[in-house]
Amino acid sequence: MATVQTAAVPALPPRPPLNLRSLGLQALALALVVLLGAWLVHNAAINLAAQNIASGFGFLSDTAGFAISEGLFPYEPSDTYARAFAAGVANTLRAALPAVFLATVLGFALGIAQTSRHALVRLLSRGLVDILRNIPLLVQVLLWYFSLTELLPGGDTPLQVDDVAFLTKGGFSFAVPDLTASQAIVPLVLTFILPWLAWLAKPWRRITLPVSLLVVIGVWLLWPDSWQRPQVGSFGVSGGATLSPEWLALVVALTLYSGVYCAEIVRGGLQAVPRGQWEATHALSLTRTQALRRVIVPQSLRVIVPPYTSLVMNTIKNSSLAVAIGYPDIVSAATTALNQNGQAIECIAIIAAVYLTLNLLTALVMAIVNTRVQLKER
Amino acid sequence: MNPAFRFALLSASIAAIAALAGTAHAGKVLDGVKQKGVVTCGVHTGRAGFALADSSGNWSGLDVDYCRALAAAVLGSAEKVKYVPTSGQTRITALQSGEIDVLARNTTWTYTRDTSLGLVWVGVNFYDGQAFITKKKPGLTKVTQLAGATICVDSGSTTEKNLAEYFTGHKLQYKGVVFDQIEASQQAFMSGRCQVYTGDNSNLAVLKATQLKNPDDYMILPEQISKEPLGPAVHRGDEDWFAIAKWTLNAMIEAEELGISSSNIDSLKASSADPAIKRFVGTGDDLGKFMGLDKEWSYRIVKQVGNYGESFDRNVGANSKVKLPRGQMNLWTKGGLMISPPLR
């Protein structure tokens with residue numbers, strides 16, 4: 001047992017002394033690359049001017065004029081291009097973040113299931129992973145989208161639960177509380193405070209947490225005086241809140257695709273924990289759940305986090321497939337803008353900058369997480 | 001490899017790339033076309049009546065006929081066309097970058113496009129307008145009755161903006177679903193995801209005639225919310241090529257006005273005494289020299305492709321599947337808008 005890896009990370013080899021010649025060559029190469037870049041930009045600017053093609057980012061303050069059908073960011077067609085892009089970014093996040101969260105949950109569940117002692121569980125999760133991992137994401141996105149829009153009933157004959165939830169080709173509509181901002185304060189505060197209090201009551205968490213969650217749900221159901229309910233209108237279901245089939249198809253496809261990749265990462269991480277650790281948990285007569293929670297998963301995280309970071313980044317980037325099914329993300333907003341004003345270079349640069357920023361932020365957050373899950377030497 | 005050599009190799013390749021990029025400036029379009037031996041023509045990815053390739057790869061349509069006419073005038077044969085299918089998003093960039101010599105792809109002529117995108121329109125070969133198609137409903141006759149509907153629309157077109165402006169202007173709500181590919185938005189409309197699909201009237205007529213399963217269940221609302229003059233465009237900055245492109249279109253219209261068609265042009269060439277016809281068929285004054293073409297450029301257009309009326313009837317008019325009325329595409333002498341400045 002003593003040989004088991006809590007060994008220190010091997011020290012880096014000593015730095016070689018500075019080599020002036022190699023340093024000079026590197027500087028020269030860098031200068032050349034910078035010069036080449038500057039020349040390309042300059043050349044593009046001259047050519048665009050010569051061809052009478054507008055250039056620059058001045059258009060961002062012009063009126064966009066096109067509509068964006070859904071989203072959390074307030075936007076009207078009479079707003080500027082800059083706001084249209086912001087609405088597009090909000091929509092990208094509105095699809096990517098839930099997908100990342102759900103994929104993580106699914107990934108951990110499937111990953112642990114693959115190391116299960118029950119052959120059936122192992123086999124089922126293995127099969128799911130193998131199927132979903134080997135179908136291109138674009139195909140899956142289209143598959144979900146066509147399934148939703150072809151198979152669900154039309155707006156006149158919705159699948160409905162009372163008048164609370166409606167499922168049609170137009171998406172999933174559900175009743176929402178009709179609250180103004182000031183009326184929403186009390187339930188919002190309770191939503192955060194109650195579970196926190198329950199968490200503080202440490203020995204009784206098993207009871208207090210579920211109770212507090214039930215109370216929160218009860219408050220949300222009973223507090224509002226009225227509800228905005230969806231109803232069947234002349235053109236399908238209207239009113240209430242709606243999740244469009246575009247959003248649903250994108251989030252489901254991203255969740256499943258990234259989820260099974262995550263499952264493989266988790267499985268790899270769990271199996272990287274030395275067998276001796278399992279044996280040690282048996283010696284302490286921990287249950288399997290306890291062993292996983294207290295011993296195995298914490299140690300596997302250092303293996304899981306780096307590839308998981310790439311997975312999160314890939315999920316964010318893959319959300320750009322939204323454009324195939326008409327979900328108005330940043331790519332959709334930028335390509336529409338590109339067609340209105342023909343400024344291809346600028347619009348593509350904006351798309352690139354958005355994804356770059358999002359992924360650098362992800363890398364930053366995950367770097368912090370990574371340092372926290374590393375083995376600590378005491 | 002030692003570092004110095006590796007560095008030299010790197011610098012050399014960078015220099016080579018720079019040199020190559022530097023030589024990629026476009027010459028005169030006509031010279032390029034003659035040298036390549038084909039007119040590279042940007043067309044629709046597939047719209048019956050305007051540009052559609054059949055199972056053996058032969059293109060046909062109103063826009064395709066224009067490309068063929070241009071090739072006949074410049075290169076002597078209507079077959080010498082390379083078709084580049086372009087999407088709503090790539091069409092303008094393709095022309096800006098010089099990938100195509102001319103863009104004949106149901107593209108609306110607007111002020112912004114004509115002045116700020118580095119292209120210039122040569123004329124109009126189809127007067128269109130934005131319309132709406134939806135399932136027939138009792139009492140539904142006006143666009144304003146579509147308030148609250150989910151409307152499918154193609155990205156990268158004037159359509160999207162017109163739609164937003166029209167509904168904002170009338171203080172009406174709608175839910176737009178915007179697709180990158182025209183096939184995707186039509187599919188979404190046919191599946192029932194959207195109750196309404198909006199686009200150029202010609203596009204809707206083609207959809208209704210060729211793709212809808214029960215075309216009689218649908219109606220195109222008579223109201224049109226915009227004018228969409230569609231026509232070919234060329235790169236800005238080459239006036240000679242612009243003139244050739246413009247007068248190719250004019251020649252097709254002029255031929256119809258003069259009564260010259262592909263079937264009678266040879267007999268007219270042999271016998272007509274009308275100076276206008278003699279100029280046109282290449283037996284009178286030389287009309288080609290100011291554009292750098294020969295005397296028979298316009299003769300070849302009509303001989304090989306036909307006049308505008310023939311092209312219209314064959315592709316979108318009475319003799320086609322789409323059966324659009326001639327309407328505004330009639331000659332000016334018959335109450336339409338098609339007119340060519342005098343060819344003299």
# chains A, B, ... in the order shown; residues from 1 in each chain; ligands from 1

$ residues_around --residues "Trp223 of chain A" --least-positions-apart "4" --cutoff "12 Å" --atoms "only C-alpha atoms" --output "number ranges by chain"
A: 176-179, 183-188, 190, 215-219, 227

$ write_last_selection --atoms "C-alpha atoms" --output "PDB file, in the first residue's frame"
ATOM      1  CA  VAL A 176     -45.470  31.290 -15.423  1.00  0.00           C
ATOM      2  CA  PRO A 177     -46.304  33.397 -12.354  1.00  0.00           C
ATOM      3  CA  ASP A 178     -47.565  36.841 -13.281  1.00  0.00           C
ATOM      4  CA  LEU A 179     -45.287  38.844 -10.991  1.00  0.00           C
ATOM      5  CA  GLN A 183     -43.710  41.126  -6.046  1.00  0.00           C
ATOM      6  CA  ALA A 184     -41.029  38.594  -6.950  1.00  0.00           C
ATOM      7  CA  ILE A 185     -38.623  39.689  -4.200  1.00  0.00           C
ATOM      8  CA  VAL A 186     -40.101  37.603  -1.364  1.00  0.00           C
ATOM      9  CA  PRO A 187     -40.147  34.239  -3.166  1.00  0.00           C
ATOM     10  CA  LEU A 188     -36.716  34.930  -4.676  1.00  0.00           C
ATOM     11  CA  LEU A 190     -36.812  32.594   0.242  1.00  0.00           C
ATOM     12  CA  VAL A 215     -41.420  24.804   0.930  1.00  0.00           C
ATOM     13  CA  VAL A 216     -39.696  26.812  -1.809  1.00  0.00           C
ATOM     14  CA  ILE A 217     -41.744  25.097  -4.510  1.00  0.00           C
ATOM     15  CA  GLY A 218     -44.891  25.694  -2.445  1.00  0.00           C
ATOM     16  CA  VAL A 219     -44.089  29.389  -2.092  1.00  0.00           C
ATOM     17  CA  TRP A 227     -50.549  33.140 -13.750  1.00  0.00           C
TER      18      TRP A 227
END

$ interface_residues --of "chain A" --to "chain B" --cutoff "6 Å" --atoms "only C-alpha atoms" --output "PyMOL selection string"
chain A and resi 51-54+65-67+69+149-150+169-170+235+326+336+339+342

$ write_last_selection --atoms "C-alpha atoms" --output "short mmCIF file (atom, residue, chain, number, x, y, z; two decimals), in the first residue's frame"
data_model
loop_
_atom_site.label_atom_id
_atom_site.label_comp_id
_atom_site.auth_asym_id
_atom_site.auth_seq_id
_atom_site.Cartn_x
_atom_site.Cartn_y
_atom_site.Cartn_z
CA GLN A 51 -13.45 48.13 -54.41
CA ASN A 52 -15.65 50.60 -52.61
CA ILE A 53 -16.57 48.07 -49.94
CA ALA A 54 -17.34 49.63 -46.59
CA GLY A 65 -33.47 46.13 -38.70
CA PHE A 66 -33.87 42.37 -38.38
CA ALA A 67 -35.73 40.54 -35.64
CA SER A 69 -37.23 35.61 -32.33
CA THR A 149 -41.36 19.48 -35.64
CA GLU A 150 -42.63 16.50 -37.62
CA LYS A 169 -44.66 21.87 -33.04
CA GLY A 170 -44.26 25.43 -31.71
CA PHE A 235 -51.91 30.66 -34.90
CA GLY A 326 -32.66 28.38 -37.10
CA THR A 336 -27.62 37.94 -40.94
CA ASN A 339 -25.81 39.85 -45.44
CA GLY A 342 -21.71 42.77 -46.68
#

$ select_by_dssp --residues "segment 153-250 of chain A" --states "strand (DSSP E or B)" --output "PyMOL selection string"
chain A and resi 159-161+165-168+171-174+176-177+227-228+231-233+236-238+241-243

$ write_last_selection --atoms "C-alpha atoms" --output "PDB file, in the first residue's frame"
ATOM      1  CA  LEU A 159     -50.615  17.735 -26.078  1.00  0.00           C
ATOM      2  CA  GLN A 160     -51.576  19.426 -22.858  1.00  0.00           C
ATOM      3  CA  VAL A 161     -51.528  19.040 -19.102  1.00  0.00           C
ATOM      4  CA  ALA A 165     -48.240  22.968 -20.023  1.00  0.00           C
ATOM      5  CA  PHE A 166     -48.640  22.590 -23.798  1.00  0.00           C
ATOM      6  CA  LEU A 167     -46.461  20.650 -26.204  1.00  0.00           C
ATOM      7  CA  THR A 168     -46.774  21.394 -29.932  1.00  0.00           C
ATOM      8  CA  GLY A 171     -42.377  24.128 -28.685  1.00  0.00           C
ATOM      9  CA  PHE A 172     -43.037  23.630 -24.995  1.00  0.00           C
ATOM     10  CA  SER A 173     -45.245  26.341 -23.469  1.00  0.00           C
ATOM     11  CA  PHE A 174     -45.963  26.521 -19.768  1.00  0.00           C
ATOM     12  CA  VAL A 176     -45.470  31.290 -15.423  1.00  0.00           C
ATOM     13  CA  PRO A 177     -46.304  33.397 -12.354  1.00  0.00           C
ATOM     14  CA  TRP A 227     -50.549  33.140 -13.750  1.00  0.00           C
ATOM     15  CA  GLN A 228     -49.780  33.782 -17.371  1.00  0.00           C
ATOM     16  CA  GLN A 231     -53.704  29.135 -24.672  1.00  0.00           C
ATOM     17  CA  VAL A 232     -54.596  27.981 -28.147  1.00  0.00           C
ATOM     18  CA  GLY A 233     -54.913  31.007 -30.431  1.00  0.00           C
ATOM     19  CA  GLY A 236     -50.915  27.958 -32.456  1.00  0.00           C
ATOM     20  CA  VAL A 237     -50.247  28.286 -28.743  1.00  0.00           C
ATOM     21  CA  SER A 238     -49.520  31.713 -27.323  1.00  0.00           C
ATOM     22  CA  ALA A 241     -43.325  31.053 -21.381  1.00  0.00           C
ATOM     23  CA  THR A 242     -42.159  29.046 -24.372  1.00  0.00           C
ATOM     24  CA  LEU A 243     -39.109  26.930 -25.056  1.00  0.00           C
TER      25      LEU A 243
END

$ residues_around --residues "Tyr83 of chain B" --least-positions-apart "4" --cutoff "8 Å" --atoms "only C-alpha atoms" --output "ChimeraX atom specification"
/B:40-43

$ residues_around --residues "Tyr145 of chain A" --least-positions-apart "3" --cutoff "6 Å" --atoms "only C-alpha atoms" --output "list in words"
Leu142, Leu148 and Ala249 of chain A

$ atom_distance --atom1 "atom CA of Phe50 of chain B" --atom2 "atom CA of Val124 of chain B"
13.5 Å

$ atom_distance --atom1 "atom CA of Leu293 of chain B" --atom2 "atom CA of His44 of chain B"
28.0 Å

$ residues_around --residues "Val273 of chain A" --least-positions-apart "5" --cutoff "12 Å" --atoms "only C-alpha atoms" --output "number ranges by chain"
A: 4-6, 266-268, 278-280, 291-292, 295-304

$ closest_residue --among "B:Pro138, B:Pro232, B:Gly37, B:Gly32" --to "Val64 of chain B" --atoms "only C-alpha atoms"
B:Pro232

$ residues_around --residues "segment 219-225 of chain B" --least-positions-apart "3" --cutoff "6 Å" --atoms "only C-alpha atoms" --output "number ranges by chain"
B: 129-134, 136

$ decode --residues "segment 252-281 of chain A" --atoms "N, CA and C atoms" --output "CSV table (one decimal), in the first residue's frame"
chain,number,residue,atom,x,y,z
A,252,VAL,N,-30.9,19.4,-26.2
A,252,VAL,CA,-31.0,17.9,-26.0
A,252,VAL,C,-29.8,17.3,-26.7
A,253,ALA,N,-29.6,17.7,-28.0
A,253,ALA,CA,-28.5,17.1,-28.8
A,253,ALA,C,-27.1,17.4,-28.1
A,254,LEU,N,-26.9,18.6,-27.7
A,254,LEU,CA,-25.6,19.0,-27.1
A,254,LEU,C,-25.4,18.2,-25.8
A,255,THR,N,-26.5,18.1,-25.0
A,255,THR,CA,-26.4,17.4,-23.7
A,255,THR,C,-26.0,16.0,-23.9
A,256,LEU,N,-26.7,15.3,-24.9
A,256,LEU,CA,-26.4,13.9,-25.1
A,256,LEU,C,-25.0,13.7,-25.6
A,257,TYR,N,-24.7,14.5,-26.6
A,257,TYR,CA,-23.4,14.3,-27.3
A,257,TYR,C,-22.2,14.6,-26.3
A,258,SER,N,-22.3,15.7,-25.6
A,258,SER,CA,-21.2,16.1,-24.7
A,258,SER,C,-21.3,15.2,-23.5
A,259,GLY,N,-22.5,14.8,-23.1
A,259,GLY,CA,-22.7,13.9,-21.9
A,259,GLY,C,-22.0,12.6,-22.0
A,260,VAL,N,-22.1,12.0,-23.2
A,260,VAL,CA,-21.4,10.7,-23.4
A,260,VAL,C,-19.9,10.8,-23.4
A,261,TYR,N,-19.4,11.9,-24.0
A,261,TYR,CA,-18.0,12.2,-24.0
A,261,TYR,C,-17.5,12.4,-22.5
A,262,CYS,N,-18.4,13.1,-21.8
A,262,CYS,CA,-18.1,13.3,-20.4
A,262,CYS,C,-18.1,12.0,-19.6
A,263,ALA,N,-19.0,11.1,-20.0
A,263,ALA,CA,-19.0,9.8,-19.3
A,263,ALA,C,-17.7,9.1,-19.5
A,264,GLU,N,-17.1,9.1,-20.7
A,264,GLU,CA,-15.9,8.5,-21.0
A,264,GLU,C,-14.7,9.1,-20.1
A,265,ILE,N,-14.8,10.4,-20.0
A,265,ILE,CA,-13.8,11.1,-19.2
A,265,ILE,C,-13.9,10.7,-17.8
A,266,VAL,N,-15.1,10.6,-17.3
A,266,VAL,CA,-15.3,10.2,-15.9
A,266,VAL,C,-14.9,8.8,-15.7
A,267,ARG,N,-15.3,7.9,-16.6
A,267,ARG,CA,-14.9,6.5,-16.5
A,267,ARG,C,-13.4,6.4,-16.4
A,268,GLY,N,-12.7,7.1,-17.3
A,268,GLY,CA,-11.2,7.1,-17.3
A,268,GLY,C,-10.7,7.6,-16.0
A,269,GLY,N,-11.3,8.6,-15.5
A,269,GLY,CA,-10.8,9.2,-14.2
A,269,GLY,C,-11.0,8.2,-13.1
A,270,LEU,N,-12.1,7.5,-13.0
A,270,LEU,CA,-12.4,6.6,-12.0
A,270,LEU,C,-11.4,5.4,-12.0
A,271,GLN,N,-11.2,5.0,-13.3
A,271,GLN,CA,-10.3,3.8,-13.4
A,271,GLN,C,-8.9,4.1,-13.2
A,272,ALA,N,-8.5,5.5,-13.2
A,272,ALA,CA,-7.2,5.9,-13.0
A,272,ALA,C,-6.8,5.8,-11.5
A,273,VAL,N,-7.9,5.8,-10.7
A,273,VAL,CA,-7.6,5.7,-9.2
A,273,VAL,C,-7.2,4.3,-8.9
A,274,PRO,N,-6.0,4.1,-8.3
A,274,PRO,CA,-5.4,2.8,-8.1
A,274,PRO,C,-6.4,1.9,-7.3
A,275,ARG,N,-6.4,0.6,-7.8
A,275,ARG,CA,-7.2,-0.4,-7.2
A,275,ARG,C,-7.1,-0.5,-5.6
A,276,GLY,N,-5.9,-0.2,-5.2
A,276,GLY,CA,-5.6,-0.2,-3.7
A,276,GLY,C,-6.5,0.7,-2.9
A,277,GLN,N,-6.9,1.8,-3.5
A,277,GLN,CA,-7.8,2.7,-2.8
A,277,GLN,C,-9.2,2.0,-2.6
A,278,TRP,N,-9.7,1.3,-3.6
A,278,TRP,CA,-10.9,0.6,-3.5
A,278,TRP,C,-10.8,-0.5,-2.3
A,279,GLU,N,-9.6,-1.2,-2.4
A,279,GLU,CA,-9.4,-2.2,-1.4
A,279,GLU,C,-9.4,-1.6,0.0
A,280,ALA,N,-8.8,-0.4,0.1
A,280,ALA,CA,-8.7,0.3,1.4
A,280,ALA,C,-10.1,0.6,1.9
A,281,THR,N,-11.0,1.0,0.9
A,281,THR,CA,-12.4,1.4,1.4
A,281,THR,C,-13.1,0.1,1.9
